[in-house]
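Chemist: Coordinates in final.cif, mmCIF, N, CA and C atoms, are listed below.
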data_query
#
loop_
_atom_site.group_PDB
_atom_site.id
_atom_site.type_symbol
_atom_site.label_atom_id
_atom_site.label_comp_id
_atom_site.auth_asym_id
_atom_site.auth_seq_id
_atom_site.Cartn_x
_atom_site.Cartn_y
_atom_site.Cartn_z
ATOM 1 N N MET A 1 14.789 -32.436 5.254
ATOM 2 C CA MET A 1 15.499 -31.720 6.305
ATOM 3 C C MET A 1 14.563 -30.777 7.063
ATOM 4 N N ILE A 2 13.766 -29.997 6.328
ATOM 5 C CA ILE A 2 12.837 -29.083 6.994
ATOM 6 C C ILE A 2 11.758 -29.853 7.751
ATOM 7 N N PHE A 3 11.360 -30.987 7.235
ATOM 8 C CA PHE A 3 10.234 -31.713 7.823
ATOM 9 C C PHE A 3 10.572 -32.377 9.148
ATOM 10 N N ASN A 4 11.825 -32.506 9.480
ATOM 11 C CA ASN A 4 12.155 -33.105 10.767
ATOM 12 C C ASN A 4 12.652 -32.052 11.764
ATOM 13 N N TRP A 5 12.248 -30.809 11.583
ATOM 14 C CA TRP A 5 12.566 -29.769 12.554
ATOM 15 C C TRP A 5 11.700 -29.937 13.781
ATOM 16 N N GLN A 6 12.241 -29.551 14.928
ATOM 17 C CA GLN A 6 11.475 -29.589 16.157
ATOM 18 C C GLN A 6 10.733 -28.269 16.323
ATOM 19 N N THR A 7 9.888 -28.191 17.332
ATOM 20 C CA THR A 7 9.084 -26.994 17.583
ATOM 21 C C THR A 7 9.973 -25.784 17.841
ATOM 22 N N SER A 8 11.023 -25.953 18.570
ATOM 23 C CA SER A 8 11.915 -24.825 18.863
ATOM 24 C C SER A 8 12.576 -24.298 17.585
ATOM 25 N N ASP A 9 12.891 -25.173 16.646
ATOM 26 C CA ASP A 9 13.461 -24.743 15.371
ATOM 27 C C ASP A 9 12.465 -23.899 14.591
ATOM 28 N N TRP A 10 11.194 -24.302 14.582
ATOM 29 C CA TRP A 10 10.166 -23.536 13.882
ATOM 30 C C TRP A 10 9.952 -22.179 14.535
ATOM 31 N N ILE A 11 9.989 -22.154 15.851
ATOM 32 C CA ILE A 11 9.826 -20.869 16.556
ATOM 33 C C ILE A 11 10.965 -19.927 16.202
ATOM 34 N N ILE A 12 12.177 -20.429 16.212
ATOM 35 C CA ILE A 12 13.340 -19.603 15.844
ATOM 36 C C ILE A 12 13.212 -19.138 14.401
ATOM 37 N N PHE A 13 12.756 -20.009 13.520
ATOM 38 C CA PHE A 13 12.576 -19.662 12.112
ATOM 39 C C PHE A 13 11.572 -18.513 11.959
ATOM 40 N N PHE A 14 10.434 -18.602 12.627
ATOM 41 C CA PHE A 14 9.419 -17.560 12.513
ATOM 42 C C PHE A 14 9.860 -16.252 13.168
ATOM 43 N N VAL A 15 10.598 -16.339 14.258
ATOM 44 C CA VAL A 15 11.131 -15.135 14.890
ATOM 45 C C VAL A 15 12.136 -14.464 13.961
ATOM 46 N N ASP A 16 12.959 -15.243 13.306
ATOM 47 C CA ASP A 16 13.921 -14.684 12.351
ATOM 48 C C ASP A 16 13.212 -14.007 11.174
ATOM 49 N N ILE A 17 12.171 -14.635 10.656
ATOM 50 C CA ILE A 17 11.397 -14.042 9.563
ATOM 51 C C ILE A 17 10.755 -12.732 10.021
ATOM 52 N N LEU A 18 10.197 -12.729 11.207
ATOM 53 C CA LEU A 18 9.586 -11.521 11.755
ATOM 54 C C LEU A 18 10.632 -10.422 11.927
ATOM 55 N N ALA A 19 11.797 -10.761 12.395
ATOM 56 C CA ALA A 19 12.866 -9.773 12.564
ATOM 57 C C ALA A 19 13.290 -9.200 11.212
ATOM 58 N N ILE A 20 13.370 -10.031 10.200
ATOM 59 C CA ILE A 20 13.740 -9.542 8.863
ATOM 60 C C ILE A 20 12.678 -8.584 8.340
ATOM 61 N N VAL A 21 11.409 -8.915 8.534
ATOM 62 C CA VAL A 21 10.319 -8.038 8.083
ATOM 63 C C VAL A 21 10.389 -6.699 8.793
ATOM 64 N N ILE A 22 10.622 -6.716 10.103
ATOM 65 C CA ILE A 22 10.711 -5.468 10.867
ATOM 66 C C ILE A 22 11.886 -4.619 10.382
ATOM 67 N N VAL A 23 13.026 -5.225 10.157
ATOM 68 C CA VAL A 23 14.209 -4.489 9.701
ATOM 69 C C VAL A 23 13.972 -3.894 8.318
ATOM 70 N N VAL A 24 13.387 -4.660 7.411
ATOM 71 C CA VAL A 24 13.138 -4.159 6.055
ATOM 72 C C VAL A 24 12.158 -2.996 6.094
ATOM 73 N N ARG A 25 11.100 -3.101 6.873
ATOM 74 C CA ARG A 25 10.131 -2.003 6.967
ATOM 75 C C ARG A 25 10.756 -0.765 7.590
ATOM 76 N N PHE A 26 11.574 -0.945 8.626
ATOM 77 C CA PHE A 26 12.238 0.194 9.248
ATOM 78 C C PHE A 26 13.182 0.879 8.271
ATOM 79 N N LEU A 27 13.966 0.087 7.557
ATOM 80 C CA LEU A 27 14.908 0.678 6.607
ATOM 81 C C LEU A 27 14.189 1.382 5.464
ATOM 82 N N SER A 28 13.102 0.820 4.983
ATOM 83 C CA SER A 28 12.357 1.484 3.908
ATOM 84 C C SER A 28 11.738 2.783 4.417
ATOM 85 N N TRP A 29 11.247 2.798 5.656
ATOM 86 C CA TRP A 29 10.714 4.027 6.243
ATOM 87 C C TRP A 29 11.829 5.065 6.375
ATOM 88 N N LYS A 30 12.985 4.634 6.818
ATOM 89 C CA LYS A 30 14.122 5.540 7.007
ATOM 90 C C LYS A 30 14.561 6.143 5.673
ATOM 91 N N VAL A 31 14.632 5.327 4.636
ATOM 92 C CA VAL A 31 15.037 5.816 3.318
ATOM 93 C C VAL A 31 13.999 6.798 2.783
ATOM 94 N N ASN A 32 12.716 6.476 2.903
ATOM 95 C CA ASN A 32 11.667 7.384 2.439
ATOM 96 C C ASN A 32 11.708 8.705 3.190
ATOM 97 N N HIS A 33 11.925 8.649 4.486
ATOM 98 C CA HIS A 33 12.011 9.863 5.295
ATOM 99 C C HIS A 33 13.196 10.725 4.854
ATOM 100 N N LYS A 34 14.316 10.097 4.592
ATOM 101 C CA LYS A 34 15.504 10.831 4.148
ATOM 102 C C LYS A 34 15.281 11.432 2.760
ATOM 103 N N LEU A 35 14.616 10.704 1.866
ATOM 104 C CA LEU A 35 14.323 11.245 0.535
ATOM 105 C C LEU A 35 13.399 12.462 0.616
ATOM 106 N N GLU A 36 12.413 12.414 1.502
ATOM 107 C CA GLU A 36 11.533 13.572 1.685
ATOM 108 C C GLU A 36 12.322 14.762 2.215
ATOM 109 N N GLU A 37 13.234 14.505 3.133
ATOM 110 C CA GLU A 37 14.062 15.575 3.685
ATOM 111 C C GLU A 37 14.930 16.217 2.600
ATOM 112 N N VAL A 38 15.519 15.409 1.747
ATOM 113 C CA VAL A 38 16.356 15.920 0.667
ATOM 114 C C VAL A 38 15.511 16.722 -0.319
ATOM 115 N N GLU A 39 14.317 16.238 -0.612
ATOM 116 C CA GLU A 39 13.432 16.949 -1.527
ATOM 117 C C GLU A 39 13.037 18.319 -0.962
ATOM 118 N N GLN A 40 12.731 18.375 0.315
ATOM 119 C CA GLN A 40 12.401 19.657 0.949
ATOM 120 C C GLN A 40 13.600 20.601 0.910
ATOM 121 N N ARG A 41 14.777 20.079 1.151
ATOM 122 C CA ARG A 41 15.986 20.903 1.112
ATOM 123 C C ARG A 41 16.219 21.452 -0.290
ATOM 124 N N GLN A 42 15.993 20.633 -1.306
ATOM 125 C CA GLN A 42 16.166 21.092 -2.684
ATOM 126 C C GLN A 42 15.144 22.168 -3.041
ATOM 127 N N LYS A 43 13.897 21.988 -2.599
ATOM 128 C CA LYS A 43 12.870 23.005 -2.852
ATOM 129 C C LYS A 43 13.254 24.317 -2.178
ATOM 130 N N PHE A 44 13.756 24.241 -0.959
ATOM 131 C CA PHE A 44 14.167 25.445 -0.249
ATOM 132 C C PHE A 44 15.310 26.150 -0.973
ATOM 133 N N GLU A 45 16.308 25.373 -1.406
ATOM 134 C CA GLU A 45 17.440 25.966 -2.112
ATOM 135 C C GLU A 45 16.992 26.607 -3.428
ATOM 136 N N THR A 46 16.080 25.963 -4.141
ATOM 137 C CA THR A 46 15.570 26.537 -5.388
ATOM 138 C C THR A 46 14.840 27.840 -5.115
ATOM 139 N N ARG A 47 14.035 27.859 -4.074
ATOM 140 C CA ARG A 47 13.309 29.078 -3.693
ATOM 141 C C ARG A 47 14.278 30.193 -3.317
ATOM 142 N N GLN A 48 15.334 29.854 -2.589
ATOM 143 C CA GLN A 48 16.325 30.857 -2.188
ATOM 144 C C GLN A 48 17.047 31.426 -3.408
ATOM 145 N N ARG A 49 17.401 30.549 -4.373
ATOM 146 C CA ARG A 49 18.076 31.022 -5.580
ATOM 147 C C ARG A 49 17.174 31.959 -6.384
ATOM 148 N N LYS A 50 15.885 31.637 -6.467
ATOM 149 C CA LYS A 50 14.949 32.501 -7.182
ATOM 150 C C LYS A 50 14.852 33.863 -6.502
ATOM 151 N N LEU A 51 14.774 33.857 -5.174
ATOM 152 C CA LEU A 51 14.698 35.127 -4.440
ATOM 153 C C LEU A 51 15.975 35.933 -4.617
ATOM 154 N N ASN A 52 17.113 35.278 -4.599
ATOM 155 C CA ASN A 52 18.381 35.979 -4.781
ATOM 156 C C ASN A 52 18.475 36.587 -6.181
ATOM 157 N N ARG A 53 18.024 35.835 -7.185
ATOM 158 C CA ARG A 53 18.041 36.375 -8.549
ATOM 159 C C ARG A 53 17.102 37.562 -8.669
ATOM 160 N N ALA A 54 15.928 37.485 -8.035
ATOM 161 C CA ALA A 54 14.967 38.587 -8.092
ATOM 162 C C ALA A 54 15.532 39.811 -7.378
ATOM 163 N N ASN A 55 16.199 39.619 -6.266
ATOM 164 C CA ASN A 55 16.782 40.744 -5.518
ATOM 165 C C ASN A 55 17.968 41.350 -6.268
ATOM 166 N N GLN A 56 18.734 40.552 -6.969
ATOM 167 C CA GLN A 56 19.875 41.069 -7.713
ATOM 168 C C GLN A 56 19.434 41.892 -8.906
ATOM 169 N N SER A 57 18.297 41.579 -9.478
ATOM 170 C CA SER A 57 17.836 42.325 -10.643
ATOM 171 C C SER A 57 17.350 43.725 -10.261
ATOM 172 N N PHE A 58 17.070 43.972 -8.982
ATOM 173 C CA PHE A 58 16.598 45.274 -8.531
ATOM 174 C C PHE A 58 17.679 46.083 -7.818
ATOM 175 N N THR A 59 18.910 45.693 -7.921
ATOM 176 C CA THR A 59 19.977 46.444 -7.253
ATOM 177 C C THR A 59 20.196 47.762 -7.971
ATOM 178 N N PRO A 60 20.504 48.839 -7.253
ATOM 179 C CA PRO A 60 20.681 50.142 -7.871
ATOM 180 C C PRO A 60 21.941 50.233 -8.736
ATOM 181 N N GLU A 61 22.892 49.331 -8.578
ATOM 182 C CA GLU A 61 24.116 49.370 -9.355
ATOM 183 C C GLU A 61 23.853 49.128 -10.833
ATOM 184 N N GLU A 62 22.870 48.276 -11.145
ATOM 185 C CA GLU A 62 22.584 47.925 -12.524
ATOM 186 C C GLU A 62 21.735 48.985 -13.212
ATOM 187 N N GLU A 63 21.025 49.809 -12.465
ATOM 188 C CA GLU A 63 20.111 50.799 -13.078
ATOM 189 C C GLU A 63 20.795 51.998 -13.554
#
So that I can check it, write out the structure of this file as structure tokens.

Modeler:
Amino acid sequence: MIFNWQTSDWIIFFVDILAIVIVVRFLSWKVNHKLEEVEQRQKFETRQRKLNRANQSFTPEEE
């Protein structure tokens, strides 16, 4: 079946393969970018919690 394809069929096949590769690479880039964003947000939240705990320990109410 594959061996009796015409030239136009092969061109469509290769264009489809190229489109799949482009979509997979784009989606993997998008997922990696989103994971980096989430990681930065978590680091920021952790830093904020540490600062809040440090500031609460120096409040005059507790002394």

Chemist: Could you work out how far CA of Trp29 in chain A lies from CA of Ile12 in chain A, giving the answer in Å with one decimal?

Modeler: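 CA of Trp29 in chain A lies 25.6 Å from CA of Ile12 in chain A.
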
Chemist: If I wrap all listed atoms of range 8-24 of chain A in a box with edges along x, y and z and add 3 Å on each side, what are its centre and edge lengths in Å to one decimal, as JSON?

Modeler:
{"center_x": 11.8, "center_y": -14.5, "center_z": 12.5, "size_x": 10.8, "size_y": 29.0, "size_z": 18.8}

Chemist: What is the distance between atom N of Arg41 in chain A and CA of Ile22 in chain A, in Å to one decimal?

Modeler: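 Result for atom N of Arg41 in chain A versus CA of Ile22 in chain A: 27.6 Å, one decimal.
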